[in-house]
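Below is final15.csv, which holds CSV, N, CA and C atoms.
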chain,number,residue,atom,x,y,z
A,1,MET,N,0.8,-1.2,0.0
A,1,MET,CA,0.0,0.0,0.0
A,1,MET,C,0.9,1.2,0.0
A,2,LYS,N,0.5,2.2,-0.8
A,2,LYS,CA,1.2,3.5,-0.8
A,2,LYS,C,0.7,4.5,0.2
A,3,VAL,N,1.5,5.4,0.6
A,3,VAL,CA,1.2,6.4,1.6
A,3,VAL,C,1.5,7.8,1.0
A,4,LEU,N,0.5,8.7,1.1
A,4,LEU,CA,0.7,10.1,0.7
A,4,LEU,C,1.2,10.9,1.9
A,5,LEU,N,2.2,11.7,1.7
A,5,LEU,CA,2.6,12.6,2.7
A,5,LEU,C,2.5,14.0,2.2
A,6,TYR,N,1.8,14.9,2.9
A,6,TYR,CA,1.7,16.3,2.5
A,6,TYR,C,2.1,17.2,3.6
A,7,PHE,N,3.0,18.1,3.3
A,7,PHE,CA,3.3,19.2,4.2
A,7,PHE,C,3.9,20.4,3.4
A,8,PRO,N,3.7,21.6,3.9
A,8,PRO,CA,4.2,22.8,3.2
A,8,PRO,C,5.7,22.7,3.0
A,9,GLU,N,6.2,23.2,1.9
A,9,GLU,CA,7.6,23.0,1.5
A,9,GLU,C,8.6,23.6,2.6
A,10,MET,N,8.3,24.7,3.1
A,10,MET,CA,9.3,25.4,4.0
A,10,MET,C,8.9,25.1,5.4
A,11,SER,N,9.0,23.8,5.8
A,11,SER,CA,8.6,23.5,7.1
A,11,SER,C,9.6,22.5,7.7
A,12,GLY,N,10.3,23.0,8.8
A,12,GLY,CA,11.2,22.2,9.5
A,12,GLY,C,10.6,21.0,10.1
A,13,VAL,N,9.4,21.2,10.7
A,13,VAL,CA,8.6,20.1,11.3
A,13,VAL,C,8.2,19.1,10.2
A,14,GLY,N,7.9,19.6,9.0
A,14,GLY,CA,7.5,18.7,7.9
A,14,GLY,C,8.7,17.8,7.5
A,15,ASP,N,9.9,18.4,7.5
A,15,ASP,CA,11.1,17.6,7.2
A,15,ASP,C,11.3,16.5,8.2
A,16,GLN,N,11.1,16.9,9.5
A,16,GLN,CA,11.2,15.9,10.5
A,16,GLN,C,10.2,14.8,10.4
A,17,LEU,N,8.9,15.2,10.0
A,17,LEU,CA,7.9,14.2,9.8
A,17,LEU,C,8.2,13.3,8.6
A,18,GLN,N,8.8,13.8,7.6
A,18,GLN,CA,9.1,13.0,6.4
A,18,GLN,C,10.2,12.0,6.8
A,19,LYS,N,11.2,12.4,7.6
A,19,LYS,CA,12.2,11.4,8.0
A,19,LYS,C,11.6,10.3,8.9
A,20,LEU,N,10.7,10.7,9.8
A,20,LEU,CA,10.0,9.6,10.6
A,20,LEU,C,9.2,8.6,9.7
A,21,VAL,N,8.5,9.2,8.7
A,21,VAL,CA,7.7,8.3,7.9
A,21,VAL,C,8.6,7.4,7.0
A,22,GLU,N,9.6,8.0,6.4
A,22,GLU,CA,10.6,7.3,5.6
A,22,GLU,C,11.3,6.2,6.3
A,23,ALA,N,11.4,6.3,7.6
A,23,ALA,CA,12.0,5.3,8.4
A,23,ALA,C,11.2,4.0,8.5
A,24,ARG,N,9.9,4.2,8.3
A,24,ARG,CA,8.9,3.1,8.3
A,24,ARG,C,8.5,2.6,7.0
A,25,ILE,N,8.6,3.4,5.9
A,25,ILE,CA,8.1,3.1,4.6
A,25,ILE,C,9.1,3.1,3.6
A,26,PRO,N,9.2,2.1,2.8
A,26,PRO,CA,10.2,2.1,1.7
A,26,PRO,C,9.8,3.2,0.7
A,27,GLY,N,10.9,3.8,0.1
A,27,GLY,CA,10.7,5.0,-0.8
A,27,GLY,C,9.7,4.8,-1.9
A,28,GLU,N,9.6,3.6,-2.5
A,28,GLU,CA,8.7,3.4,-3.6
A,28,GLU,C,7.2,3.4,-3.1
A,29,LYS,N,7.0,3.3,-1.8
A,29,LYS,CA,5.7,3.3,-1.3
A,29,LYS,C,5.2,4.6,-0.7
A,30,LEU,N,6.1,5.6,-0.9
A,30,LEU,CA,5.8,6.9,-0.3
A,30,LEU,C,5.7,8.0,-1.4
A,31,GLU,N,4.7,8.8,-1.4
A,31,GLU,CA,4.5,9.9,-2.4
A,31,GLU,C,4.5,11.2,-1.5
A,32,VAL,N,5.4,12.1,-1.8
A,32,VAL,CA,5.5,13.3,-1.0
A,32,VAL,C,5.0,14.5,-1.8
A,33,TYR,N,4.1,15.4,-1.3
A,33,TYR,CA,3.6,16.6,-1.9
A,33,TYR,C,3.8,17.8,-1.0
A,34,HIS,N,4.0,18.9,-1.6
A,34,HIS,CA,4.3,20.2,-0.9
A,34,HIS,C,3.3,21.3,-1.2
A,35,SER,N,2.3,21.0,-2.1
A,35,SER,CA,1.3,22.0,-2.4
A,35,SER,C,0.0,21.3,-2.6
A,36,ILE,N,-1.1,22.0,-2.2
A,36,ILE,CA,-2.4,21.4,-2.4
A,36,ILE,C,-2.7,21.2,-3.8
A,37,ASP,N,-2.3,22.1,-4.7
A,37,ASP,CA,-2.5,21.9,-6.1
A,37,ASP,C,-2.0,20.6,-6.7
A,38,LYS,N,-0.7,20.3,-6.3
A,38,LYS,CA,-0.1,19.1,-6.8
A,38,LYS,C,-0.8,17.8,-6.1
A,39,LEU,N,-1.2,18.0,-4.9
A,39,LEU,CA,-1.9,16.9,-4.2
A,39,LEU,C,-3.2,16.7,-4.9
A,40,SER,N,-3.9,17.7,-5.2
A,40,SER,CA,-5.2,17.6,-5.9
A,40,SER,C,-5.0,16.9,-7.3
A,41,GLN,N,-4.0,17.3,-8.0
A,41,GLN,CA,-3.7,16.7,-9.3
A,41,GLN,C,-3.4,15.2,-9.2
A,42,ARG,N,-2.8,14.8,-8.1
A,42,ARG,CA,-2.6,13.4,-7.9
A,42,ARG,C,-3.9,12.6,-7.9
A,43,PHE,N,-4.9,13.2,-7.4
A,43,PHE,CA,-6.2,12.4,-7.3
A,43,PHE,C,-6.9,12.3,-8.7
A,44,LYS,N,-6.3,12.9,-9.7
A,44,LYS,CA,-6.8,12.7,-11.1
A,44,LYS,C,-6.2,11.4,-11.7
A,45,GLN,N,-5.2,10.9,-11.0
A,45,GLN,CA,-4.6,9.6,-11.5
A,45,GLN,C,-5.2,8.5,-10.8
A,46,PRO,N,-5.0,7.2,-11.3
A,46,PRO,CA,-5.5,6.1,-10.6
A,46,PRO,C,-5.0,6.0,-9.2
A,47,PHE,N,-5.8,5.5,-8.3
A,47,PHE,CA,-5.4,5.4,-6.9
A,47,PHE,C,-4.5,4.2,-6.6
A,48,ASP,N,-4.4,3.2,-7.5
A,48,ASP,CA,-3.6,2.1,-7.4
A,48,ASP,C,-3.8,1.5,-6.0
A,49,ASP,N,-2.7,1.4,-5.2
A,49,ASP,CA,-2.9,0.8,-3.9
A,49,ASP,C,-2.7,1.9,-2.8
A,50,LEU,N,-3.2,3.1,-3.1
A,50,LEU,CA,-3.1,4.2,-2.2
A,50,LEU,C,-4.1,4.0,-1.1
A,51,GLY,N,-3.7,4.1,0.2
A,51,GLY,CA,-4.6,3.8,1.3
A,51,GLY,C,-4.5,4.8,2.4
A,52,VAL,N,-3.4,5.5,2.6
A,52,VAL,CA,-3.2,6.3,3.8
A,52,VAL,C,-2.6,7.7,3.4
A,53,ALA,N,-3.1,8.7,4.0
A,53,ALA,CA,-2.6,10.1,3.8
A,53,ALA,C,-2.2,10.6,5.1
A,54,VAL,N,-0.9,11.1,5.2
A,54,VAL,CA,-0.4,11.8,6.4
A,54,VAL,C,-0.3,13.2,5.9
A,55,LEU,N,-1.2,14.1,6.6
A,55,LEU,CA,-1.3,15.5,6.2
A,55,LEU,C,-0.9,16.4,7.3
A,56,MET,N,-0.1,17.4,7.0
A,56,MET,CA,0.3,18.3,8.0
A,56,MET,C,-0.1,19.7,7.6
A,57,ALA,N,-0.8,20.4,8.5
A,57,ALA,CA,-1.1,21.8,8.3
A,57,ALA,C,-0.3,22.7,9.2
A,58,ALA,N,0.6,23.5,8.6
A,58,ALA,CA,1.5,24.3,9.5
A,58,ALA,C,0.8,25.5,10.1
A,59,ASN,N,-0.3,25.9,9.5
A,59,ASN,CA,-1.1,27.0,10.0
A,59,ASN,C,-2.6,26.8,9.6
A,60,HIS,N,-3.4,27.7,10.1
A,60,HIS,CA,-4.8,27.6,9.8
A,60,HIS,C,-5.2,27.6,8.3
A,61,GLU,N,-4.4,28.5,7.6
A,61,GLU,CA,-4.7,28.5,6.1
A,61,GLU,C,-4.4,27.2,5.5
A,62,GLU,N,-3.4,26.5,5.9
A,62,GLU,CA,-3.0,25.2,5.3
A,62,GLU,C,-4.2,24.2,5.7
A,63,LEU,N,-4.7,24.3,6.9
A,63,LEU,CA,-5.7,23.4,7.3
A,63,LEU,C,-7.0,23.6,6.4
A,64,MET,N,-7.3,24.9,6.1
A,64,MET,CA,-8.4,25.2,5.3
A,64,MET,C,-8.2,24.7,3.8
A,65,ASN,N,-6.9,24.7,3.4
A,65,ASN,CA,-6.6,24.2,2.1
A,65,ASN,C,-6.8,22.7,2.0
A,66,ILE,N,-6.4,22.0,3.1
A,66,ILE,CA,-6.7,20.5,3.1
A,66,ILE,C,-8.2,20.3,3.2
A,67,PHE,N,-8.9,21.1,4.0
A,67,PHE,CA,-10.3,20.9,4.1
A,67,PHE,C,-11.0,21.1,2.8
A,68,SER,N,-10.5,22.0,2.0
A,68,SER,CA,-11.1,22.3,0.7
A,68,SER,C,-11.1,21.1,-0.3
A,69,ILE,N,-10.2,20.1,-0.1
A,69,ILE,CA,-10.2,19.0,-0.9
A,69,ILE,C,-10.6,17.7,-0.2
A,70,ARG,N,-11.4,17.9,0.9
A,70,ARG,CA,-11.9,16.8,1.7
A,70,ARG,C,-12.6,15.7,0.9
A,71,ASP,N,-13.3,16.1,-0.1
A,71,ASP,CA,-14.1,15.1,-0.9
A,71,ASP,C,-13.1,14.2,-1.6
A,72,LEU,N,-11.9,14.7,-2.0
A,72,LEU,CA,-10.9,13.8,-2.6
A,72,LEU,C,-10.3,12.8,-1.7
A,73,LEU,N,-10.3,13.2,-0.4
A,73,LEU,CA,-9.7,12.4,0.6
A,73,LEU,C,-10.5,11.3,1.3
A,74,ARG,N,-11.8,11.3,0.9
A,74,ARG,CA,-12.8,10.4,1.6
A,74,ARG,C,-12.4,8.9,1.6
A,75,SER,N,-11.8,8.4,0.5
A,75,SER,CA,-11.5,7.0,0.5
A,75,SER,C,-10.1,6.6,1.1
A,76,LEU,N,-9.5,7.6,1.7
A,76,LEU,CA,-8.2,7.4,2.4
A,76,LEU,C,-8.3,7.4,3.9
A,77,ARG,N,-7.5,6.6,4.5
A,77,ARG,CA,-7.4,6.7,6.0
A,77,ARG,C,-6.4,7.9,6.2
A,78,ILE,N,-6.7,8.8,7.1
A,78,ILE,CA,-6.0,10.0,7.3
A,78,ILE,C,-5.3,10.1,8.7
A,79,ILE,N,-4.1,10.5,8.7
A,79,ILE,CA,-3.4,11.0,9.9
A,79,ILE,C,-3.2,12.5,9.7
A,80,LEU,N,-3.7,13.2,10.6
A,80,LEU,CA,-3.7,14.7,10.5
A,80,LEU,C,-2.9,15.4,11.6
A,81,VAL,N,-2.0,16.3,11.2
A,81,VAL,CA,-1.2,17.1,12.1
A,81,VAL,C,-1.7,18.5,11.9
A,82,THR,N,-2.2,19.1,13.0
A,82,THR,CA,-2.7,20.4,13.0
A,82,THR,C,-1.8,21.4,13.6
A,83,PRO,N,-2.0,22.7,13.3
A,83,PRO,CA,-1.1,23.7,13.9
A,83,PRO,C,-1.2,24.0,15.4
A,84,ASP,N,-2.4,23.7,15.9
A,84,ASP,CA,-2.7,24.1,17.3
A,84,ASP,C,-3.9,23.2,17.8
A,85,GLN,N,-4.2,23.5,19.1
A,85,GLN,CA,-5.3,22.7,19.7
A,85,GLN,C,-6.5,23.6,20.0
A,86,LYS,N,-6.7,24.7,19.2
A,86,LYS,CA,-7.8,25.6,19.4
A,86,LYS,C,-9.1,24.8,19.1
A,87,GLU,N,-10.2,25.2,19.7
A,87,GLU,CA,-11.4,24.5,19.5
A,87,GLU,C,-11.9,24.5,18.1
A,88,GLU,N,-11.7,25.7,17.4
A,88,GLU,CA,-12.1,25.7,16.0
A,88,GLU,C,-11.2,24.9,15.1
A,89,THR,N,-10.0,24.8,15.4
A,89,THR,CA,-9.1,23.9,14.6
A,89,THR,C,-9.4,22.4,14.8
A,90,VAL,N,-9.7,22.0,16.0
A,90,VAL,CA,-10.0,20.6,16.3
A,90,VAL,C,-11.4,20.3,15.7
A,91,PHE,N,-12.3,21.2,15.7
A,91,PHE,CA,-13.6,21.0,15.1
A,91,PHE,C,-13.5,20.7,13.6
A,92,LEU,N,-12.7,21.6,13.0
A,92,LEU,CA,-12.5,21.5,11.5
A,92,LEU,C,-11.7,20.2,11.2
A,93,ALA,N,-10.7,19.9,12.0
A,93,ALA,CA,-9.9,18.7,11.8
A,93,ALA,C,-10.8,17.4,11.9
A,94,HIS,N,-11.7,17.4,12.8
A,94,HIS,CA,-12.5,16.2,13.0
A,94,HIS,C,-13.4,15.9,11.8
A,95,GLN,N,-13.8,17.0,11.1
A,95,GLN,CA,-14.6,16.8,9.9
A,95,GLN,C,-13.9,16.1,8.8
A,96,LEU,N,-12.6,16.0,8.9
A,96,LEU,CA,-11.8,15.2,7.9
A,96,LEU,C,-11.8,13.7,8.3
A,97,ARG,N,-12.3,13.4,9.5
A,97,ARG,CA,-12.4,12.0,10.0
A,97,ARG,C,-11.0,11.3,10.0
A,98,PRO,N,-10.0,12.0,10.7
A,98,PRO,CA,-8.7,11.3,10.8
A,98,PRO,C,-8.7,10.1,11.7
A,99,ARG,N,-7.9,9.2,11.4
A,99,ARG,CA,-7.7,8.0,12.3
A,99,ARG,C,-6.8,8.5,13.5
A,100,LEU,N,-5.9,9.4,13.2
A,100,LEU,CA,-5.1,10.0,14.3
A,100,LEU,C,-5.1,11.5,14.1
A,101,LEU,N,-5.3,12.3,15.1
A,101,LEU,CA,-5.2,13.7,15.1
A,101,LEU,C,-4.1,14.1,16.1
A,102,THR,N,-3.1,14.8,15.7
A,102,THR,CA,-2.1,15.2,16.6
A,102,THR,C,-1.7,16.7,16.2
A,103,TYR,N,-0.7,17.2,16.9
A,103,TYR,CA,-0.4,18.6,16.8
A,103,TYR,C,1.1,18.8,16.5
A,104,ILE,N,1.4,19.9,15.8
A,104,ILE,CA,2.8,20.2,15.4
A,104,ILE,C,3.7,20.1,16.6
A,105,ASN,N,3.3,20.7,17.7
A,105,ASN,CA,4.1,20.7,18.9
A,105,ASN,C,4.0,19.4,19.7
A,106,GLY,N,3.3,18.4,19.2
A,106,GLY,CA,3.1,17.2,19.9
A,106,GLY,C,4.2,16.2,19.6
A,107,ASP,N,4.1,15.0,20.1
A,107,ASP,CA,5.0,13.9,19.8
A,107,ASP,C,4.7,13.3,18.5
A,108,LEU,N,5.5,13.6,17.5
A,108,LEU,CA,5.3,13.1,16.1
A,108,LEU,C,5.6,11.6,16.0
A,109,SER,N,6.3,11.0,17.0
A,109,SER,CA,6.6,9.6,16.9
A,109,SER,C,5.4,8.7,17.0
A,110,SER,N,4.3,9.2,17.6
A,110,SER,CA,3.0,8.5,17.6
A,110,SER,C,2.5,8.2,16.2
A,111,ILE,N,2.8,9.1,15.3
A,111,ILE,CA,2.4,9.0,13.9
A,111,ILE,C,3.0,7.7,13.3
A,112,THR,N,4.2,7.4,13.5
A,112,THR,CA,4.8,6.2,12.9
A,112,THR,C,4.3,5.0,13.5
A,113,THR,N,3.9,5.0,14.8
A,113,THR,CA,3.3,3.8,15.4
A,113,THR,C,2.0,3.5,14.8
A,114,VAL,N,1.1,4.6,14.7
A,114,VAL,CA,-0.2,4.4,14.1
A,114,VAL,C,-0.1,4.0,12.6
A,115,LEU,N,0.8,4.6,11.9
A,115,LEU,CA,1.0,4.3,10.5
A,115,LEU,C,1.4,2.9,10.3
A,116,ALA,N,2.3,2.4,11.1
A,116,ALA,CA,2.7,1.0,11.0
A,116,ALA,C,1.6,0.1,11.3
A,117,ARG,N,0.7,0.4,12.2
A,117,ARG,CA,-0.4,-0.5,12.5
A,117,ARG,C,-1.4,-0.4,11.3
A,118,MET,N,-1.6,0.7,10.7
A,118,MET,CA,-2.5,0.8,9.6
A,118,MET,C,-2.0,0.0,8.4
A,119,LEU,N,-0.7,0.0,8.2
A,119,LEU,CA,-0.1,-0.7,7.1
A,119,LEU,C,-0.2,-2.2,7.3
A,120,GLU,N,0.0,-2.6,8.6
A,120,GLU,CA,0.0,-4.1,8.9
A,120,GLU,C,-1.4,-4.6,8.8
A,121,SER,N,-2.4,-3.8,9.0
A,121,SER,CA,-3.8,-4.3,8.9
A,121,SER,C,-4.3,-4.4,7.5
A,122,GLN,N,-3.5,-4.1,6.5
A,122,GLN,CA,-4.0,-4.2,5.1
A,122,GLN,C,-3.6,-5.6,4.6
Could you render the structure as structure tokens?
Amino acid sequence: MKVLLYFPEMSGVGDQLQKLVEARIPGEKLEVYHSIDKLSQRFKQPFDDLGVAVLMAANHEELMNIFSIRDLLRSLRIILVTPDQKEETVFLAHQLRPRLLTYINGDLSSITTVLARMLESQ
């Protein structure tokens, strides 16, 4: 199964997240995107064995961008990293129905644990 990883290009936390995910997933099974436009274009291609999306929103605008393509994400299991724990952020994030919701300032290692379990269950 392939995994989509999305995070804004200029993000140190995103780079850290990518390293954590790459440690668990072989390179050929990982697709990395840095813009919503490119991520949206990906959904115009066959899904093949695409099953999980790890999405990071560095700020509220990025979260809104992810939310704007929510219909394209419906068939994927989602791990979502949000910029904060504000009530409005959490409310919006939960509408994406993530399997794991965590925060940029949180422990990102939990992502790899959940991701590994998701991949094992396939």
For this session: Report the residues of chain A whose backbone DSSP state falls under helix (DSSP H, G or I), written as JSON, numbers by chain.
Result: {"A": [12, 13, 14, 15, 16, 17, 18, 19, 20, 21, 22, 23, 24, 27, 28, 29, 36, 37, 38, 39, 40, 41, 42, 60, 61, 62, 63, 64, 65, 66, 67, 68, 70, 71, 72, 73, 87, 88, 89, 90, 91, 92, 93, 94, 109, 110, 111, 112, 113, 114, 115, 116, 117, 118, 119, 120]}
Exercise. A:Met10, A:Val21, A:Leu96, A:Val114: which is nearest A:Leu73, counting all atoms listed in the file?
Worked result: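 Using all atoms listed in the file, A:Leu73 sits closest to A:Leu96.
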Exercise. Stretch 80-90 of chain A: which residues within 8 Å, counting all atoms listed in the file, same-chain residues fewer than 4 positions away excluded, as a count of residues only?
Worked result: 20
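Near stretch 33-35 of chain A, within 8 Å and counting all atoms listed in the file, sit Leu4, Leu5, Tyr6, Phe7, Pro8, Glu9, Met10 and Gln41 of chain A; same-chain residues fewer than 6 positions away were not included.
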Exercise. Which one of A:Leu108, A:Ala116, A:Leu17, A:Leu76 sits closest to A:Gly51 if you count only C-alpha atoms?
Worked result: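 Of the candidates, the smallest distance to A:Gly51 is held by A:Leu76.
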Problem set entry | Selected residue of minimal separation from A:Met1 among A:Glu22, A:Asp49, A:Asp15, A:Asp71, counting only N, CA and C atoms |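 Smallest distance to A:Met1 is found for A:Asp49.
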Exercise. Atom CA of A:Leu30 and atom CA of A:Arg117, how far apart in Å?
Worked result: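 Calculated distance between atom CA of A:Arg117 and atom CA of A:Leu30 is 16.0 Å.
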For this session: Grab the atom CA of A:Val3 to atom C of A:Glu61 distance for me, in Å with one decimal place.
Result: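 Here the two named atoms are 21.9 Å from each other.
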For this session: Determine which residues of stretch 64-105 of chain A receive a DSSP assignment of strand (DSSP E), computed from the backbone, and state them as a VMD selection string.
Result: chain A and resid 77 to 82 100 to 103
For this session: Using only N, CA and C atoms, pick whichever of A:Ile69, A:Glu120, A:Leu92, A:Arg74 has the shortest atom-to-atom distance to A:Ser40.
Result: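 The closest residue to A:Ser40 is A:Ile69.
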Seminar exercise, completed: From atom C of A:Ser121 to atom CA of A:Phe43 the spacing works out at 22.5 Å
Exercise. Nearest to A:Leu115 among A:Arg70, A:Arg42, A:Lys2, A:Arg24, with distances taken over only C-alpha atoms: which residue is it?
Worked result: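 Checking each of A:Arg70, A:Arg42, A:Lys2, A:Arg24 against A:Leu115, counting only C-alpha atoms, the winner is A:Arg24.
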